[in-house]
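**Student:** Below is the structure I would like to discuss, written out as structure tokens.
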Amino acid sequence: MMHTILTLGFAAAVIRITVPYALAALGGTLSERSGVINIALEGLLLIGAFTATMGAYFGHGAIAGVLGGVIGGAAFGALYALLVVTLRGDQIVCGVALNLLADGITRFLLKATFDSSSNSPRIDAWGDVGTRLIALTVVLVALFHAVVYWTPFGLRLRAVGEHPEAAASLGVRPARIRWVALLLAGALAGLGGAWLAADQRQFVAGMSNGRGYIALAAMIFGGWRPARAAAACLLFGLAEAMQIALQAAGVGVPGWAVQMLPYVLTMVTLAGFIGRSHAPRALGRIDDT
Amino acid sequence: MKSILPPLWATLIALAAASALIIAVGGGPLAVYRLLLAGTWGNGYGIGQVLFKTTPLIFTGLSVALALRAGLFNIGAEGQLTVGAFATAMVGLHCAHLPAVVAVPLALVAGALGGALVGAIAGALKAWRGAHEVINTIMLNFIVRAVMVGVGAHLFEREQIHTAPVAASAELPRLSRFIPGLHGSAANASLFIAVAVALAAWWLVERTRAGFRLRAVGASPDAAATSGISVPRVQFFALALSGAVAGLVGANFVLGYKHYYEDGFSGGIGYMGIAVAVLGRSRPLGVVLAALLFGTLSQGALAVNAVVPKELVDVMTAVIIFSVAAAAPSVRRRLEAAA
């Protein structure tokens, strides 16, 4: 059994599962460090997968596809920022609505464009963009970890998420920082969606399939730190790949028990039973600053 | 008056957004809306189906609304109703020797307890560990989904994704038995249970001491604590109660329609409860009206599907929620400025 796990194929499976989690969790981390709850990650992934598919299909290439995913995600990030930062709508309500909108509009446009209620045609234009996206993901995690902790922007981001009034009194504009954070979150999750579309070589209705929520869980489990959140994604990806491998090998591990692992771990962490995971202090609260 | 304006505006904005989409795919908005109305309120079957789809939305809308009145966000109605409906089905199928007056309440209590159990987990973690209920209720939705896969493997009928049917004495009658005009629709007596629960919720929140404490904690936990209210206890009971109400959803699908629990029967009713509660301003009457609107849209989606993709309705729903959510704070600020 050990040898099924120590193969290259298994490592590839772990990475395949981890990439979209990591990108969405990274986006979620940036958003929440600025003080904005982001339960819209699921919808952002889905929109990214759809616009990436459209990009690859109509732009006849992987680059157009990746750009499509990033732009689509950022556009939805902008919509979310407009609703919760500029108009100060409730973040939970708008997040739920954004997820519903993403699901509805992708199905609507899928039918209107390809006359199918389930999936787009197969798109071969994606080529082997996957390996490059893996490398890009690693770079982005490292980059944004550095940005959050070692740059003036990161300092402002964290300040706005912890104590917006104090940040504002020092001349930082919380609304502007949050807009940037949400645009980045959208772009990153959109890139995660592009990965899904490229990996499956097509768009499938509802294909984000709860991944955004796993990313949310990983972000919390990782204590709202980019590198740790990515490590949590890797852990969740490992568990999932292990379950698939064990199931294929006929070993009787109930799949549902492994499936609920990320969520249980997150609840246990959040309750402070294994070390405390501190949320940004101003999370969910947008005041007149 | 001012409280019904934002929902009205929201509906108008949603109609405008939907019209744009319809035009974009080459359709005529007015023709689509006429079709939507004809397929819902235009005939007996349509009306029955609207009522059938409204019923569970009343339960989940009330569930979310009750928690909101205590200042808590229950995103977990989906998981709570799943466990509740399953419990209703399991108890209902063991009621063969009981008369209906015992069997139906027993199955409903089981549903409420099932939902309350899930809600109480998030409630306890919020009350005594300070863990955010939004995250925990989301996590619980997925934990329930996973657990139901394991449970289903043992308790569903062979090669099926549903349980054995409940005893005949636990079934709720279709409304078409009393109103022949609704013939063929799945509307059933659980609608009356939903309305009764809405009335009970109004009475509880507005007319009892417990309701006063609930509202006090919702308005300001600090002020409530200063005046001697145990905030953790209220939060715990609010989420447990919220779960219990969501757990009653099985009355409609299990007892009134299919007579068994089926995997994935909800199709997102729990999440729609958030839309219902927000549009209904967390007031029982508002929730019932909002549930009727979304029930109409949900049935109307099927009526227009031949002309435009039925997901048009999901887009409209999302736009309605956005508009209410984004309008609410600016409306409040304007009123404060005027005062």
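Identifiers in this document derive from the order of the structure tokens: chains are assigned A, B, ..., residues are numbered from 1 separately in each chain, and ligands are numbered from 1 in order of occurrence.
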Compute the chain B side of the contact with chain A at 6 Å, counting only C-alpha atoms, and hand it back as a compact mmCIF listing (two decimals) with N, CA and C atoms, in the first residue's frame.
**Tutor:**
# COMPACT_ATOMS: atom_id res chain seq x y z
N ARG B 129 -17.52 28.98 22.99
CA ARG B 129 -16.15 29.02 22.50
C ARG B 129 -15.91 30.26 21.64
N ALA B 131 -16.76 30.76 18.66
CA ALA B 131 -16.44 30.43 17.26
C ALA B 131 -17.53 30.97 16.35
N MET B 139 -19.48 24.81 7.54
CA MET B 139 -18.74 23.56 7.71
C MET B 139 -19.71 22.41 7.99
N ILE B 143 -20.29 18.72 6.43
CA ILE B 143 -20.15 17.52 7.27
C ILE B 143 -21.42 16.67 7.15
N ALA B 146 -21.43 14.84 3.90
CA ALA B 146 -20.54 13.67 3.91
C ALA B 146 -21.14 12.54 4.74
N GLY B 150 -22.45 8.30 4.08
CA GLY B 150 -22.21 7.11 4.88
C GLY B 150 -23.50 6.50 5.38
N PRO B 309 -33.29 30.11 -20.81
CA PRO B 309 -32.83 29.16 -19.80
C PRO B 309 -33.43 29.50 -18.44
N GLU B 311 -32.40 29.30 -15.58
CA GLU B 311 -31.49 29.89 -14.59
C GLU B 311 -31.61 31.40 -14.53
N ASP B 314 -32.51 32.32 -11.15
CA ASP B 314 -31.43 32.38 -10.14
C ASP B 314 -30.75 33.74 -10.19
N VAL B 315 -30.55 34.23 -11.41
CA VAL B 315 -29.93 35.55 -11.56
C VAL B 315 -30.82 36.61 -10.92
N ALA B 318 -30.55 36.44 -7.15
CA ALA B 318 -29.30 37.02 -6.67
C ALA B 318 -29.37 38.54 -6.70
N PHE B 322 -28.88 41.15 -3.62
CA PHE B 322 -27.89 42.24 -3.67
C PHE B 322 -28.56 43.57 -3.39
N ALA B 325 -29.69 43.99 0.17
CA ALA B 325 -28.54 44.06 1.08
C ALA B 325 -27.79 45.37 0.92
N ALA B 326 -27.64 45.81 -0.32
CA ALA B 326 -26.87 47.03 -0.55
C ALA B 326 -27.70 48.27 -0.25
**Student:** Output as a tab-separated table one row per residue of segment 90-131 of chain A within 7 Å of segment 50-68 of chain A: the closest atom pair and its distance in Å to one decimal place, counting only C-alpha atoms, sorted by chain and residue number ascending.
**Tutor:**
residue	atom	partner	partner_atom	distance
A:Thr106	CA	A:Phe50	CA	6.5
A:Ile123	CA	A:Tyr57	CA	6.5
A:Ala125	CA	A:Gly61	CA	4.9
A:Trp126	CA	A:Ala62	CA	4.5
A:Gly127	CA	A:Ala62	CA	6.8
A:Val129	CA	A:Ala62	CA	6.5
**Student:** When you draw a straight line from atom CA of Thr18 of chain A to atom CA of Ala205 of chain A, how long is it in Å?
**Tutor:** 20.7 Å
**Student:** In terms of the shortest atom-to-atom distance over only C-alpha atoms, which of A:Ala218, A:Ala227, A:Leu191, A:Val253 is closest to Leu133 of chain A?
**Tutor:**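 Distance minimum relative to Leu133 of chain A lands on A:Leu191.
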**Student:** From a DSSP calculation on the backbone, collect every residue of segment 21-249 of chain A in helix (DSSP H, G or I) and output the set as a ChimeraX atom specification.
**Tutor:** /A:21-33,41-58,62-86,91-114,124-126,129-150,152-162,164-169,174-200,211-221,226-248
**Student:** In Å, how far is it from atom CA of Gly92 of chain B to atom CA of Gln80 of chain B?
**Tutor:**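 Atom-to-atom, atom CA of Gly92 of chain B and atom CA of Gln80 of chain B are spaced 17.9 Å apart.
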**Student:** Using only C-alpha atoms, determine which residues lie at most 12 Å from Pro174 of chain A, disregarding the query and same-chain residues fewer than 4 positions distant; provide the list as a PyMOL selection string.
**Tutor:** chain A and resi 33-36+85-86+153+156-170+178-181+282+285-289
**Student:** Mind dumping the selected residues with N, CA and C atoms as an mmCIF file, in the first residue's frame?
**Tutor:**
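Saved file selection.cif follows:
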data_model
loop_
_atom_site.group_PDB
_atom_site.id
_atom_site.type_symbol
_atom_site.label_atom_id
_atom_site.label_comp_id
_atom_site.auth_asym_id
_atom_site.auth_seq_id
_atom_site.Cartn_x
_atom_site.Cartn_y
_atom_site.Cartn_z
ATOM 1 N N ARG A 33 -7.878 39.468 5.329
ATOM 2 C CA ARG A 33 -6.900 40.287 6.059
ATOM 3 C C ARG A 33 -7.222 41.766 5.936
ATOM 4 N N SER A 34 -7.982 42.124 4.874
ATOM 5 C CA SER A 34 -8.389 43.524 4.747
ATOM 6 C C SER A 34 -9.690 43.786 5.505
ATOM 7 N N GLY A 35 -10.236 42.721 6.131
ATOM 8 C CA GLY A 35 -11.438 42.895 6.935
ATOM 9 C C GLY A 35 -12.730 42.519 6.236
ATOM 10 N N VAL A 36 -12.632 41.942 5.031
ATOM 11 C CA VAL A 36 -13.852 41.590 4.303
ATOM 12 C C VAL A 36 -14.013 40.069 4.259
ATOM 13 N N VAL A 85 -18.030 47.101 -0.085
ATOM 14 C CA VAL A 85 -17.141 48.172 0.356
ATOM 15 C C VAL A 85 -17.785 49.526 0.061
ATOM 16 N N THR A 86 -18.162 49.739 -1.194
ATOM 17 C CA THR A 86 -18.708 51.038 -1.571
ATOM 18 C C THR A 86 -20.136 51.227 -1.041
ATOM 19 N N PHE A 153 2.294 47.832 1.386
ATOM 20 C CA PHE A 153 0.901 47.495 1.081
ATOM 21 C C PHE A 153 0.373 46.449 2.061
ATOM 22 N N ARG A 156 -0.422 47.947 5.361
ATOM 23 C CA ARG A 156 -1.697 48.678 5.303
ATOM 24 C C ARG A 156 -2.873 47.711 5.286
ATOM 25 N N LEU A 157 -2.713 46.638 4.500
ATOM 26 C CA LEU A 157 -3.763 45.623 4.408
ATOM 27 C C LEU A 157 -4.095 45.085 5.797
ATOM 28 N N ARG A 158 -3.054 44.704 6.513
ATOM 29 C CA ARG A 158 -3.273 44.116 7.837
ATOM 30 C C ARG A 158 -3.826 45.158 8.806
ATOM 31 N N ALA A 159 -3.341 46.370 8.678
ATOM 32 C CA ALA A 159 -3.814 47.437 9.567
ATOM 33 C C ALA A 159 -5.305 47.691 9.358
ATOM 34 N N VAL A 160 -5.712 47.704 8.081
ATOM 35 C CA VAL A 160 -7.121 47.948 7.761
ATOM 36 C C VAL A 160 -7.997 46.811 8.288
ATOM 37 N N GLY A 161 -7.447 45.594 8.252
ATOM 38 C CA GLY A 161 -8.211 44.451 8.735
ATOM 39 C C GLY A 161 -8.275 44.370 10.246
ATOM 40 N N GLU A 162 -7.292 44.939 10.909
ATOM 41 C CA GLU A 162 -7.269 44.874 12.371
ATOM 42 C C GLU A 162 -7.930 46.092 12.999
ATOM 43 N N HIS A 163 -7.561 47.257 12.484
ATOM 44 C CA HIS A 163 -8.011 48.477 13.131
ATOM 45 C C HIS A 163 -8.150 49.594 12.103
ATOM 46 N N PRO A 164 -9.266 49.559 11.351
ATOM 47 C CA PRO A 164 -9.412 50.511 10.244
ATOM 48 C C PRO A 164 -9.374 51.969 10.688
ATOM 49 N N GLU A 165 -9.913 52.246 11.894
ATOM 50 C CA GLU A 165 -9.940 53.643 12.347
ATOM 51 C C GLU A 165 -8.524 54.167 12.526
ATOM 52 N N ALA A 166 -7.676 53.334 13.171
ATOM 53 C CA ALA A 166 -6.296 53.744 13.392
ATOM 54 C C ALA A 166 -5.570 53.904 12.059
ATOM 55 N N ALA A 167 -5.812 52.960 11.147
ATOM 56 C CA ALA A 167 -5.164 53.042 9.834
ATOM 57 C C ALA A 167 -5.589 54.316 9.124
ATOM 58 N N ALA A 168 -6.897 54.626 9.206
ATOM 59 C CA ALA A 168 -7.403 55.812 8.533
ATOM 60 C C ALA A 168 -6.794 57.077 9.115
ATOM 61 N N SER A 169 -6.573 57.073 10.439
ATOM 62 C CA SER A 169 -6.013 58.268 11.074
ATOM 63 C C SER A 169 -4.563 58.497 10.640
ATOM 64 N N LEU A 170 -3.945 57.424 10.102
ATOM 65 C CA LEU A 170 -2.578 57.571 9.605
ATOM 66 C C LEU A 170 -2.551 57.847 8.104
ATOM 67 N N ARG A 178 -9.291 47.821 0.549
ATOM 68 C CA ARG A 178 -10.218 46.689 0.429
ATOM 69 C C ARG A 178 -10.598 46.419 -1.015
ATOM 70 N N TRP A 179 -10.749 47.482 -1.779
ATOM 71 C CA TRP A 179 -11.027 47.291 -3.209
ATOM 72 C C TRP A 179 -9.900 46.496 -3.862
ATOM 73 N N VAL A 180 -8.658 46.902 -3.583
ATOM 74 C CA VAL A 180 -7.508 46.196 -4.178
ATOM 75 C C VAL A 180 -7.503 44.736 -3.734
ATOM 76 N N ALA A 181 -7.738 44.524 -2.430
ATOM 77 C CA ALA A 181 -7.716 43.161 -1.899
ATOM 78 C C ALA A 181 -8.788 42.302 -2.568
ATOM 79 N N ALA A 282 -11.196 43.334 12.569
ATOM 80 C CA ALA A 282 -12.288 44.118 11.976
ATOM 81 C C ALA A 282 -13.065 43.315 10.937
ATOM 82 N N ARG A 285 -16.819 43.961 9.331
ATOM 83 C CA ARG A 285 -17.367 45.219 9.829
ATOM 84 C C ARG A 285 -16.808 46.345 8.974
ATOM 85 N N ILE A 286 -17.702 47.037 8.278
ATOM 86 C CA ILE A 286 -17.242 48.178 7.479
ATOM 87 C C ILE A 286 -17.879 49.434 8.041
ATOM 88 N N ASP A 287 -17.058 50.287 8.582
ATOM 89 C CA ASP A 287 -17.596 51.486 9.206
ATOM 90 C C ASP A 287 -17.389 52.699 8.311
ATOM 91 N N ASP A 288 -17.877 53.803 8.785
ATOM 92 C CA ASP A 288 -17.743 55.024 7.993
ATOM 93 C C ASP A 288 -16.353 55.607 8.126
ATOM 94 N N THR A 289 -15.384 54.933 7.532
ATOM 95 C CA THR A 289 -14.018 55.453 7.600
ATOM 96 C C THR A 289 -13.566 55.848 6.210
#
**Student:** Would you kindly return, as a list in words, each protein, DNA or RNA residue with an atom no farther than 9 Å from any atom of Arg122 of chain A, considering only C-alpha atoms and excluding same-chain residues fewer than 5 positions away?
**Tutor:**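 Those residues are Gln200, Arg201, Gln202 and Phe203 of chain A.
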**Student:** Let me see the file: selected residues, C-alpha atoms, as a PDB file, in the first residue's frame.
**Tutor:**
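Here's the written file again_28.pdb:
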ATOM      1  CA  GLN A 200     -10.964  19.035 -17.152  1.00  0.00           C
ATOM      2  CA  ARG A 201     -10.647  20.537 -20.638  1.00  0.00           C
ATOM      3  CA  GLN A 202     -14.225  21.800 -20.483  1.00  0.00           C
ATOM      4  CA  PHE A 203     -16.682  23.708 -18.357  1.00  0.00           C
TER       5      PHE A 203
END
**Student:** Neighbouring residues of segment 232-240 of chain B were defined as those with any atom within 10 Å, considering only C-alpha atoms; residues of the same chain fewer than 3 positions away were excluded. Please report them as an MDAnalysis selection string.
**Tutor:** chainID B and resid 63:64 66:74 76 80 112:130 133 137 210:211 213:218 221 225 229 243:246
**Student:** At a cut-off of 12 Å, using only C-alpha atoms, what residues contact Arg34 of chain B? Leave out same-chain residues fewer than 6 positions from it and give the result as a PyMOL selection string.
**Tutor:** chain B and resi 28+40-42+300+303-304+307
**Student:** Write to file, as a CSV table (one decimal), in the first residue's frame, the residues of the selection just made, with N, CA and C atoms.
**Tutor:**
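Result written to selection-v2.csv:
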chain,number,residue,atom,x,y,z
B,28,GLY,N,-38.1,38.3,-25.9
B,28,GLY,CA,-38.9,39.5,-25.5
B,28,GLY,C,-39.2,39.4,-24.0
B,40,THR,N,-47.7,30.1,-13.5
B,40,THR,CA,-47.7,30.0,-12.0
B,40,THR,C,-49.2,30.4,-11.5
B,41,TRP,N,-49.5,31.6,-11.6
B,41,TRP,CA,-50.8,32.0,-11.0
B,41,TRP,C,-51.9,31.9,-12.1
B,42,GLY,N,-51.6,31.4,-13.3
B,42,GLY,CA,-52.6,31.4,-14.3
B,42,GLY,C,-53.5,30.2,-14.4
B,300,GLY,N,-42.1,29.5,-11.8
B,300,GLY,CA,-42.1,30.2,-13.1
B,300,GLY,C,-40.9,29.9,-14.0
B,303,ALA,N,-41.8,27.3,-16.3
B,303,ALA,CA,-42.7,27.7,-17.3
B,303,ALA,C,-42.0,28.5,-18.4
B,304,VAL,N,-40.9,29.2,-18.1
B,304,VAL,CA,-40.2,30.0,-19.2
B,304,VAL,C,-39.1,29.2,-19.8
B,307,VAL,N,-38.3,29.1,-23.5
B,307,VAL,CA,-38.0,30.3,-24.3
B,307,VAL,C,-36.6,30.8,-23.8
**Student:** Could you please determine the separation between atom CA of Gly171 of chain A and atom CA of Glu32 of chain A in Å, to one decimal place?
**Tutor:** 20.8 Å
**Student:** Do you know which residues are at most 10 Å from Leu26 of chain A counting only C-alpha atoms, after dropping those on the same chain fewer than 5 positions away, and could you put them as a ChimeraX atom specification?
**Tutor:** /A:20-21,31-32,137,140-141,144-145,184-185,188-189,215-216,218-219,224-230,233
**Student:** Identify which of the residues B:Leu30, B:Ala196, B:Ala291, B:Ala38 lies closest to Ala16 of chain B, counting only C-alpha atoms when measuring atom-to-atom distances.
**Tutor:**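 Closest candidate: B:Leu30.
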**Student:** With distances taken over only C-alpha atoms, which of B:Ala31, B:Leu21, B:Ala77, B:Val104 is nearest to Ala275 of chain B?
**Tutor:**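 Looking only at the distances to Ala275 of chain B, the closest residue turns out to be B:Ala77.
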